[in-house]
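Novice: My structure is in structure_27.cif, and what it holds is mmCIF, C-alpha atoms:
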data_coords
loop_
_atom_site.label_atom_id
_atom_site.label_comp_id
_atom_site.auth_asym_id
_atom_site.auth_seq_id
_atom_site.Cartn_x
_atom_site.Cartn_y
_atom_site.Cartn_z
CA MET A 1 85.50 55.98 -36.84
CA SER A 2 82.09 54.30 -37.12
CA ALA A 3 81.96 50.71 -35.92
CA PRO A 4 82.20 48.29 -38.87
CA SER A 5 79.60 45.54 -39.19
CA TRP A 6 80.41 42.24 -37.50
CA ASP A 7 79.98 40.61 -40.92
CA LEU A 8 83.08 42.44 -42.14
CA TYR A 9 85.17 41.06 -39.30
CA ARG A 10 83.78 37.58 -39.90
CA THR A 11 84.84 37.81 -43.53
CA PHE A 12 88.25 39.16 -42.50
CA ASP A 13 88.69 36.19 -40.13
CA ALA A 14 87.72 33.75 -42.91
CA VAL A 15 90.24 35.27 -45.33
CA LEU A 16 92.96 34.95 -42.70
CA ARG A 17 92.01 31.33 -41.96
CA THR A 18 91.75 30.20 -45.58
CA GLY A 19 94.44 32.43 -47.07
CA SER A 20 92.39 33.57 -50.04
CA LEU A 21 89.24 35.35 -51.14
CA SER A 22 87.94 32.23 -52.87
CA GLY A 23 88.57 30.06 -49.81
CA ALA A 24 86.77 32.55 -47.58
CA ALA A 25 83.88 32.70 -50.04
CA ARG A 26 83.48 28.90 -49.96
CA SER A 27 83.60 28.75 -46.15
CA LEU A 28 81.05 31.56 -45.74
CA GLY A 29 78.74 30.68 -48.63
CA LEU A 30 79.40 34.02 -50.32
CA THR A 31 80.67 35.01 -53.74
CA GLN A 32 84.29 36.02 -54.18
CA PRO A 33 83.34 39.60 -55.21
CA SER A 34 81.27 39.92 -52.03
CA VAL A 35 84.26 38.86 -49.92
CA ALA A 36 86.46 41.38 -51.72
CA ARG A 37 83.90 44.14 -51.08
CA HIS A 38 83.80 43.23 -47.38
CA ILE A 39 87.59 43.50 -47.09
CA ASP A 40 87.59 46.82 -48.96
CA ALA A 41 84.82 48.14 -46.70
CA LEU A 42 86.64 47.06 -43.53
CA GLU A 43 89.90 48.66 -44.69
CA GLN A 44 88.07 51.87 -45.46
CA ALA A 45 86.26 51.82 -42.10
CA ILE A 46 89.40 51.36 -40.00
CA GLY A 47 91.68 53.40 -42.26
CA ARG A 48 94.34 50.70 -42.56
CA ASP A 49 95.41 48.24 -45.25
CA LEU A 50 94.87 44.64 -44.15
CA PHE A 51 96.31 42.73 -47.10
CA VAL A 52 98.94 43.24 -49.77
CA ARG A 53 97.42 42.08 -53.06
CA SER A 54 99.63 40.45 -55.67
CA GLN A 55 99.41 37.81 -58.39
CA ARG A 56 100.36 35.24 -55.75
CA GLY A 57 97.35 36.12 -53.59
CA LEU A 58 96.89 38.01 -50.35
CA THR A 59 99.56 38.65 -47.74
CA PRO A 60 98.39 39.90 -44.31
CA THR A 61 99.85 43.24 -43.27
CA ALA A 62 101.12 44.01 -39.77
CA ALA A 63 97.72 45.56 -39.05
CA ALA A 64 95.95 42.33 -40.04
CA ILE A 65 98.18 40.25 -37.81
CA GLU A 66 97.53 42.63 -34.94
CA LEU A 67 93.75 42.36 -35.43
CA ARG A 68 93.73 38.58 -36.02
CA PRO A 69 93.07 37.42 -32.40
CA TYR A 70 90.24 39.93 -31.94
CA ALA A 71 88.57 38.89 -35.19
CA ALA A 72 88.90 35.22 -34.21
CA LEU A 73 87.31 35.99 -30.83
CA LEU A 74 84.44 37.84 -32.53
CA ALA A 75 83.92 34.89 -34.89
CA SER A 76 83.85 32.31 -32.07
CA THR A 77 81.59 34.50 -29.92
CA THR A 78 79.17 35.05 -32.81
CA ALA A 79 79.09 31.31 -33.52
CA ALA A 80 78.43 30.60 -29.82
CA LEU A 81 75.65 33.22 -29.80
CA LEU A 82 73.98 31.55 -32.78
CA ARG A 83 74.28 28.09 -31.19
CA THR A 84 72.73 29.40 -27.98
CA ALA A 85 69.91 31.18 -29.78
CA ASP A 86 69.26 28.04 -31.84
CA GLY A 87 68.48 25.95 -28.74
CA GLY A 88 65.15 25.87 -27.00
CA ALA A 89 64.86 27.21 -23.47
CA ASP A 90 63.54 23.95 -21.97
CA THR A 91 64.19 21.37 -24.66
CA VAL A 92 67.20 19.32 -25.74
CA ALA A 93 67.48 20.94 -29.16
CA GLY A 94 69.94 23.01 -31.13
CA THR A 95 73.65 22.76 -31.90
CA VAL A 96 76.47 21.77 -29.55
CA ARG A 97 80.08 22.30 -30.58
CA ILE A 98 82.48 19.65 -29.25
CA SER A 99 86.25 19.84 -29.21
CA ALA A 100 88.28 16.61 -29.07
CA SER A 101 91.55 15.12 -30.23
CA GLU A 102 91.83 13.61 -33.70
CA VAL A 103 91.65 9.99 -32.55
CA VAL A 104 88.80 10.59 -30.10
CA SER A 105 86.92 12.47 -32.84
CA ALA A 106 87.46 9.73 -35.41
CA GLU A 107 87.35 6.56 -33.32
CA HIS A 108 85.15 7.24 -30.28
CA LEU A 109 82.73 10.13 -30.78
CA PRO A 110 80.92 9.11 -34.00
CA ALA A 111 79.21 6.10 -32.39
CA MET A 112 78.55 8.03 -29.16
CA LEU A 113 76.99 10.96 -31.01
CA ALA A 114 74.91 8.59 -33.15
CA ARG A 115 73.39 7.09 -30.00
CA LEU A 116 72.83 10.55 -28.54
CA ARG A 117 71.16 11.75 -31.74
CA LYS A 118 68.75 8.80 -31.58
CA ARG A 119 67.71 9.87 -28.08
CA HIS A 120 67.50 13.56 -28.99
CA PRO A 121 66.69 13.96 -32.73
CA ALA A 122 66.60 17.76 -32.44
CA LEU A 123 70.28 17.89 -31.47
CA ALA A 124 72.95 18.81 -34.02
CA PHE A 125 76.70 18.71 -33.50
CA GLU A 126 79.78 20.58 -34.63
CA LEU A 127 83.00 18.62 -34.08
CA SER A 128 86.36 20.37 -33.80
CA ALA A 129 88.83 17.53 -34.36
CA SER A 130 92.21 18.84 -33.31
CA ASN A 131 94.97 18.04 -30.84
CA SER A 132 95.15 21.73 -29.92
CA VAL A 133 93.12 22.77 -26.87
CA ASP A 134 90.17 25.00 -27.80
CA ASP A 135 89.47 27.78 -25.31
CA LEU A 136 86.13 27.11 -23.64
CA LEU A 137 86.22 30.46 -21.85
CA GLN A 138 86.17 32.19 -25.24
CA ARG A 139 83.47 29.75 -26.42
CA GLN A 140 85.54 28.22 -29.19
CA ALA A 141 83.62 25.09 -28.21
CA ASP A 142 80.76 24.28 -25.83
CA ILE A 143 82.15 20.96 -24.57
CA ALA A 144 85.64 19.48 -24.76
CA VAL A 145 87.05 15.99 -24.36
CA ARG A 146 90.51 16.75 -23.00
CA MET A 147 93.57 14.64 -22.32
CA VAL A 148 94.99 17.23 -19.92
CA GLN A 149 93.41 18.24 -16.63
CA PRO A 150 91.76 21.66 -16.95
CA THR A 151 93.12 24.30 -14.59
CA GLN A 152 91.00 27.28 -15.63
CA GLN A 153 88.31 28.51 -13.27
CA SER A 154 84.70 28.77 -14.45
CA LEU A 155 84.87 25.30 -16.00
CA ILE A 156 82.91 22.19 -15.06
CA ALA A 157 85.15 19.14 -15.45
CA ARG A 158 84.49 15.44 -14.85
CA LYS A 159 87.28 12.93 -14.90
CA VAL A 160 86.30 9.73 -16.69
CA LEU A 161 88.04 6.42 -17.24
CA PRO A 162 91.56 6.76 -18.64
CA ILE A 163 92.33 5.38 -22.08
CA PRO A 164 95.19 2.84 -21.99
CA LEU A 165 97.92 3.15 -24.62
CA GLY A 166 100.20 0.45 -25.95
CA LEU A 167 102.59 -0.31 -28.79
CA HIS A 168 100.93 -2.03 -31.74
CA ALA A 169 101.78 -3.32 -35.18
CA HIS A 170 99.88 -4.99 -37.99
CA ALA A 171 100.09 -8.79 -38.06
CA ASP A 172 101.64 -8.64 -41.55
CA TYR A 173 104.48 -6.42 -40.30
CA LEU A 174 105.23 -8.78 -37.40
CA ALA A 175 105.15 -11.79 -39.71
CA ARG A 176 107.69 -10.03 -41.92
CA ARG A 177 109.96 -8.53 -39.28
CA GLY A 178 109.30 -10.52 -36.14
CA ALA A 179 108.09 -9.19 -32.79
CA PRO A 180 110.41 -7.35 -30.39
CA THR A 181 110.89 -9.11 -27.06
CA THR A 182 112.48 -6.18 -25.21
CA VAL A 183 112.21 -2.40 -25.44
CA ALA A 184 115.82 -2.37 -26.68
CA ASP A 185 114.73 -4.49 -29.67
CA LEU A 186 112.72 -1.52 -30.95
CA ALA A 187 115.97 -0.11 -32.36
CA ASP A 188 115.80 -2.83 -35.04
CA HIS A 189 112.24 -1.98 -36.09
CA ASP A 190 110.42 0.63 -38.15
CA LEU A 191 108.92 2.97 -35.59
CA ILE A 192 106.08 5.47 -36.14
CA GLY A 193 106.08 8.64 -34.07
CA PHE A 194 105.92 12.38 -33.73
CA ASP A 195 107.57 15.10 -35.79
CA THR A 196 107.14 18.05 -33.39
CA GLU A 197 107.78 17.54 -29.69
CA THR A 198 105.11 18.66 -27.22
CA PRO A 199 105.16 18.57 -23.39
CA ALA A 200 103.06 15.38 -23.39
CA ILE A 201 105.32 13.70 -25.93
CA ARG A 202 108.38 14.85 -24.00
CA ALA A 203 107.02 13.15 -20.88
CA ILE A 204 106.61 9.86 -22.76
CA ALA A 205 110.09 10.15 -24.26
CA GLU A 206 111.56 10.63 -20.80
CA LEU A 207 109.95 7.38 -19.64
CA PHE A 208 110.88 5.53 -22.82
CA PRO A 209 114.09 7.00 -24.33
CA GLU A 210 113.91 4.51 -27.19
CA LEU A 211 110.90 6.42 -28.55
CA ASN A 212 112.76 9.53 -29.64
CA ARG A 213 112.40 11.48 -32.86
CA ALA A 214 115.66 10.22 -34.37
CA ALA A 215 114.48 6.62 -34.00
CA PHE A 216 111.28 7.06 -36.02
CA ALA A 217 111.13 5.78 -39.59
CA LEU A 218 107.91 7.78 -40.05
CA ARG A 219 107.43 11.14 -38.35
CA VAL A 220 103.99 12.75 -38.43
CA ASP A 221 102.15 14.89 -35.88
CA SER A 222 98.69 13.64 -36.85
CA ASP A 223 97.58 10.82 -34.55
CA VAL A 224 95.09 9.68 -37.19
CA ALA A 225 97.89 9.43 -39.77
CA GLN A 226 100.00 7.45 -37.28
CA LEU A 227 97.09 5.07 -36.73
CA ALA A 228 96.64 4.68 -40.48
CA ALA A 229 100.34 3.85 -40.85
CA ILE A 230 100.09 1.18 -38.14
CA ARG A 231 97.05 -0.32 -39.89
CA ALA A 232 98.91 -0.25 -43.22
CA GLY A 233 101.75 -2.35 -41.80
CA PHE A 234 104.40 0.36 -41.90
CA GLY A 235 105.74 -0.46 -38.46
CA ILE A 236 105.23 -0.18 -34.70
CA GLY A 237 103.47 2.78 -33.10
CA ILE A 238 101.42 3.89 -30.12
CA CYS A 239 97.72 3.08 -30.31
CA GLN A 240 94.82 3.26 -27.88
CA LEU A 241 93.95 -0.23 -26.67
CA PRO A 242 90.17 0.14 -27.22
CA VAL A 243 90.81 1.23 -30.81
CA ALA A 244 93.26 -1.62 -31.49
CA ALA A 245 90.85 -4.14 -29.97
CA ARG A 246 88.38 -3.50 -32.81
CA ASP A 247 90.88 -4.71 -35.43
CA PRO A 248 92.03 -8.33 -35.07
CA GLN A 249 94.98 -7.57 -37.38
CA LEU A 250 96.48 -5.12 -34.89
CA VAL A 251 98.71 -6.88 -32.39
CA ARG A 252 100.00 -5.40 -29.17
CA VAL A 253 103.76 -5.70 -28.68
CA LEU A 254 105.75 -5.41 -25.46
CA PRO A 255 102.65 -5.20 -23.21
CA ASP A 256 104.86 -5.46 -20.12
CA GLY A 257 107.45 -3.03 -21.43
CA PHE A 258 105.20 -0.17 -22.55
CA ALA A 259 101.91 0.78 -20.89
CA ILE A 260 100.53 4.29 -20.32
CA ASP A 261 97.13 5.48 -19.15
CA LEU A 262 95.87 8.60 -20.90
CA GLY A 263 93.78 10.74 -18.56
CA VAL A 264 90.45 11.98 -19.93
CA TRP A 265 88.20 14.83 -18.75
CA ILE A 266 84.84 16.02 -20.08
CA VAL A 267 84.74 19.81 -19.73
CA MET A 268 82.33 22.69 -20.33
CA HIS A 269 81.92 26.29 -19.19
CA GLU A 270 79.90 26.63 -15.99
CA ASP A 271 77.56 29.13 -17.70
CA LEU A 272 76.31 26.26 -19.88
CA GLY A 273 75.35 24.09 -16.92
CA ASN A 274 71.72 25.20 -17.19
CA SER A 275 71.55 24.73 -20.96
CA PRO A 276 69.43 21.61 -21.63
CA ARG A 277 71.24 20.73 -24.84
CA CYS A 278 74.76 21.18 -23.40
CA ARG A 279 73.87 19.41 -20.15
CA ALA A 280 72.45 16.46 -22.06
CA VAL A 281 75.58 16.11 -24.20
CA PHE A 282 77.93 16.62 -21.24
CA ASP A 283 76.16 13.97 -19.12
CA ALA A 284 75.98 11.57 -22.06
CA LEU A 285 79.72 11.84 -22.76
CA VAL A 286 80.54 11.32 -19.08
CA ALA A 287 78.40 8.16 -19.13
CA GLU A 288 79.82 6.95 -22.45
CA PHE A 289 83.45 7.32 -21.40
CA GLY A 290 82.67 5.86 -17.99
CA ALA A 291 83.26 7.08 -14.46
CA PRO A 292 86.45 5.97 -12.71
CA PRO A 293 86.14 3.74 -9.63
CA ARG A 294 85.91 5.46 -6.28
CA GLY A 295 89.27 6.76 -5.23
CA GLY A 296 90.28 7.08 -8.90
CA GLY A 297 89.77 10.87 -8.97
#
For this file, write the structure as structure tokens.

Specialist:
Amino acid sequence: MSAPSWDLYRTFDAVLRTGSLSGAARSLGLTQPSVARHIDALEQAIGRDLFVRSQRGLTPTAAAIELRPYAALLASTTAALLRTADGGADTVAGTVRISASEVVSAEHLPAMLARLRKRHPALAFELSASNSVDDLLQRQADIAVRMVQPTQQSLIARKVLPIPLGLHAHADYLARRGAPTTVADLADHDLIGFDTETPAIRAIAELFPELNRAAFALRVDSDVAQLAAIRAGFGIGICQLPVAARDPQLVRVLPDGFAIDLGVWIVMHEDLGNSPRCRAVFDALVAEFGAPPRGGG
């Protein structure tokens, strides 16, 4: 079997990610017939059917599911190769891909990256806004802002100032429903929280049993959607204190009853330590988020 072109695997990965030929065509800047030809060529090259075609669209076969992680790795490696080739050897130029949570991506990074872009106009950024942890070892991102301490070897990690969390509600909601005076009072309020439990959420729920899934009037796994619901006056939810401080209509409730510090680390692969563009972004993010006091880790 001759080795298929990397372009075929990239198209295959795009079809899997988008679920359709048209979606893959839009994401790759190709025509739909070109995407279809790529899939046909890849199937012919490997001698296996990758999709079942029907009027409802494409359904991945067992072979496609088996190949999915390898195609995704090829796609991320190719993207990393292009980012690396795009940067100058001794200049702060080119593209840096950053992975961060939804709220950090929406509420913190835009202003930070705007300041960084002013200092280095030849820098460009790709932002992966997701609460899932991108794998830096597989170069799914160059730099990550993580809320969990990295344990993998071959990573450079700097702990920065933690982000404090508190319960908040819109002033209109509190005027309508009143403010809780104890954690037990939360049972009489409209709470905003998670839909799917994660280890981090489970740890919070163990500390504060009142914040359990059954108690939430609105359940959504998107932190940005939760923040939007708090701002809309739906009820009480968890919000980062620096974010809430920018909106005078958001009021902290039970400051003595609920307070959590969210650890933050800036992380990149050690192989990128000598890359001018990645080093500049890494150092800038460490400075922007702030170093903890001595003895703070």

Novice: I need the residue nearest Ser5 of chain A from this list: A:Leu211, A:Gly29, A:Leu218, A:Leu42. Use only C-alpha atoms for the distance.

Specialist: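 Among the listed residues, A:Leu42 lies closest to Ser5 of chain A.
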
Novice: Check which residues of segment 69-154 of chain A sit at most 12 Å from segment 158-168 of chain A using only C-alpha atoms, and return one row each with the closest pair of atoms and their distance in Å to one decimal, ordered by chain and rising number, as a tab-separated table.

Specialist:
residue	atom	partner	partner_atom	distance
A:Val103	CA	A:Ile163	CA	11.5
A:Val104	CA	A:Ile163	CA	10.2
A:His108	CA	A:Ile163	CA	11.1
A:Ile143	CA	A:Arg158	CA	11.4
A:Ala144	CA	A:Arg158	CA	10.8
A:Val145	CA	A:Arg158	CA	9.9
A:Arg146	CA	A:Lys159	CA	9.5
A:Met147	CA	A:Pro162	CA	8.9
A:Val148	CA	A:Lys159	CA	10.2
A:Gln149	CA	A:Lys159	CA	8.3
A:Pro150	CA	A:Arg158	CA	9.8

Novice: Given the choices A:Trp6, A:Phe125, A:Phe208, A:Phe12, which gets closest to Phe258 of chain A if the distance is worked out from only C-alpha atoms?

Specialist: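 Selected residue with least distance to Phe258 of chain A: A:Phe208.
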
Novice: Around (90.1, 34.3, -36.4) in the file's own coordinates, what residues are found within 7 Å if you use all atoms listed in the file, given back as a list in words?

Specialist: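 The residues near that point, listed by chain and number, are Asp13, Ala14, Leu16, Arg17, Arg68, Pro69, Ala71, Ala72, Leu73 and Ala75 of chain A.
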
Novice: Quick one: pull the distance between atom CA of Val183 of chain A and atom CA of Ile238 of chain A, Å, one decimal.

Specialist: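 Computing the Euclidean distance for atom CA of Val183 of chain A and atom CA of Ile238 of chain A yields 13.3 Å.
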
Novice: Run through the PyMOL selection byres ((chain A and resi 278-287) around 10) on the given coordinates and return the selected residues as number ranges by chain.

Specialist: A: 84, 87, 91-98, 109, 112-113, 115-117, 120, 123, 125, 142-145, 156-161, 264-269, 272-277, 288-291

Novice: Between A:Ser101, A:Thr182, A:Thr151, A:Ser132, which residue has the minimum interatomic distance to Asp223 of chain A, considering all atoms listed in the file?

Specialist: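 Among the listed residues, A:Ser101 lies closest to Asp223 of chain A.
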
Novice: Nearest to Glu210 of chain A among A:Val251, A:Leu186, A:Ala232, A:Leu227, with distances taken over only C-alpha atoms: which residue is it?

Specialist: A:Leu186

Novice: Which one is closest to Phe234 of chain A: A:Leu191, A:Ala179, A:Ala124, A:Ala141? Count all atoms listed in the file.

Specialist: A:Leu191

Novice: Could you work out an axis-aligned bounding box for all listed atoms of segment 146-155 of chain A, with 8 Å added on each of the six sides, and give its centre and edge lengths in Å to one decimal, as AutoDock Vina command-line options?

Specialist:
--center_x 89.8 --center_y 21.7 --center_z -18.1 --size_x 26.3 --size_y 30.1 --size_z 25.7

Novice: At a cut-off of 12 Å from (105.2, 11.8, -32.2) in the coordinates of the file, what residues are picked up using all atoms listed in the file, written as a PyMOL selection string?

Specialist: chain A and resi 191-205+211-227+237-239

Novice: Using the chain letters and numbers from the file, which residues does the PyMOL selection byres ((chain A and resi 20-25) around 10) grab, as number ranges by chain?

Specialist: A: 10-19, 26-36, 39, 56-59

Novice: Since we have the selection now, will you write its residues out, keeping C-alpha atoms, as a PDB file, in the frame of the given file?

Specialist:
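Output file selection-v4.pdb is given in full below:
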ATOM      1  CA  ARG A  10      83.780  37.580 -39.900  1.00  0.00           C
ATOM      2  CA  THR A  11      84.840  37.810 -43.530  1.00  0.00           C
ATOM      3  CA  PHE A  12      88.250  39.160 -42.500  1.00  0.00           C
ATOM      4  CA  ASP A  13      88.690  36.190 -40.130  1.00  0.00           C
ATOM      5  CA  ALA A  14      87.720  33.750 -42.910  1.00  0.00           C
ATOM      6  CA  VAL A  15      90.240  35.270 -45.330  1.00  0.00           C
ATOM      7  CA  LEU A  16      92.960  34.950 -42.700  1.00  0.00           C
ATOM      8  CA  ARG A  17      92.010  31.330 -41.960  1.00  0.00           C
ATOM      9  CA  THR A  18      91.750  30.200 -45.580  1.00  0.00           C
ATOM     10  CA  GLY A  19      94.440  32.430 -47.070  1.00  0.00           C
ATOM     11  CA  ARG A  26      83.480  28.900 -49.960  1.00  0.00           C
ATOM     12  CA  SER A  27      83.600  28.750 -46.150  1.00  0.00           C
ATOM     13  CA  LEU A  28      81.050  31.560 -45.740  1.00  0.00           C
ATOM     14  CA  GLY A  29      78.740  30.680 -48.630  1.00  0.00           C
ATOM     15  CA  LEU A  30      79.400  34.020 -50.320  1.00  0.00           C
ATOM     16  CA  THR A  31      80.670  35.010 -53.740  1.00  0.00           C
ATOM     17  CA  GLN A  32      84.290  36.020 -54.180  1.00  0.00           C
ATOM     18  CA  PRO A  33      83.340  39.600 -55.210  1.00  0.00           C
ATOM     19  CA  SER A  34      81.270  39.920 -52.030  1.00  0.00           C
ATOM     20  CA  VAL A  35      84.260  38.860 -49.920  1.00  0.00           C
ATOM     21  CA  ALA A  36      86.460  41.380 -51.720  1.00  0.00           C
ATOM     22  CA  ILE A  39      87.590  43.500 -47.090  1.00  0.00           C
ATOM     23  CA  ARG A  56     100.360  35.240 -55.750  1.00  0.00           C
ATOM     24  CA  GLY A  57      97.350  36.120 -53.590  1.00  0.00           C
ATOM     25  CA  LEU A  58      96.890  38.010 -50.350  1.00  0.00           C
ATOM     26  CA  THR A  59      99.560  38.650 -47.740  1.00  0.00           C
TER      27      THR A  59
END

Novice: Name every residue that the PyMOL selection byres ((chain A and resi 170-177) around 9) selects in this structure, writing the answer as a PDB file with C-alpha atoms, in the coordinates of the input with chains first and numbers rising.

Specialist:
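Saved as result09.pdb:
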ATOM      1  CA  HIS A 168     100.930  -2.030 -31.740  1.00  0.00           C
ATOM      2  CA  ALA A 169     101.780  -3.320 -35.180  1.00  0.00           C
ATOM      3  CA  GLY A 178     109.300 -10.520 -36.140  1.00  0.00           C
ATOM      4  CA  ALA A 179     108.090  -9.190 -32.790  1.00  0.00           C
ATOM      5  CA  PRO A 180     110.410  -7.350 -30.390  1.00  0.00           C
ATOM      6  CA  HIS A 189     112.240  -1.980 -36.090  1.00  0.00           C
ATOM      7  CA  ILE A 230     100.090   1.180 -38.140  1.00  0.00           C
ATOM      8  CA  ARG A 231      97.050  -0.320 -39.890  1.00  0.00           C
ATOM      9  CA  ALA A 232      98.910  -0.250 -43.220  1.00  0.00           C
ATOM     10  CA  GLY A 233     101.750  -2.350 -41.800  1.00  0.00           C
ATOM     11  CA  PHE A 234     104.400   0.360 -41.900  1.00  0.00           C
ATOM     12  CA  GLY A 235     105.740  -0.460 -38.460  1.00  0.00           C
ATOM     13  CA  ILE A 236     105.230  -0.180 -34.700  1.00  0.00           C
ATOM     14  CA  PRO A 248      92.030  -8.330 -35.070  1.00  0.00           C
ATOM     15  CA  GLN A 249      94.980  -7.570 -37.380  1.00  0.00           C
ATOM     16  CA  LEU A 250      96.480  -5.120 -34.890  1.00  0.00           C
ATOM     17  CA  VAL A 251      98.710  -6.880 -32.390  1.00  0.00           C
ATOM     18  CA  ARG A 252     100.000  -5.400 -29.170  1.00  0.00           C
TER      19      ARG A 252
END

Novice: Any idea what the distance is between atom CA of His38 of chain A and atom CA of Phe51 of chain A?

Specialist: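 Value for the atom CA of His38 of chain A-atom CA of Phe51 of chain A distance: 12.5 Å.
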
Novice: What separation in Å, quoted to one decimal, exists between atom CA of Ser154 of chain A and atom CA of Ala79 of chain A?

Specialist: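 Between atom CA of Ser154 of chain A and atom CA of Ala79 of chain A the gap works out to 20.0 Å.
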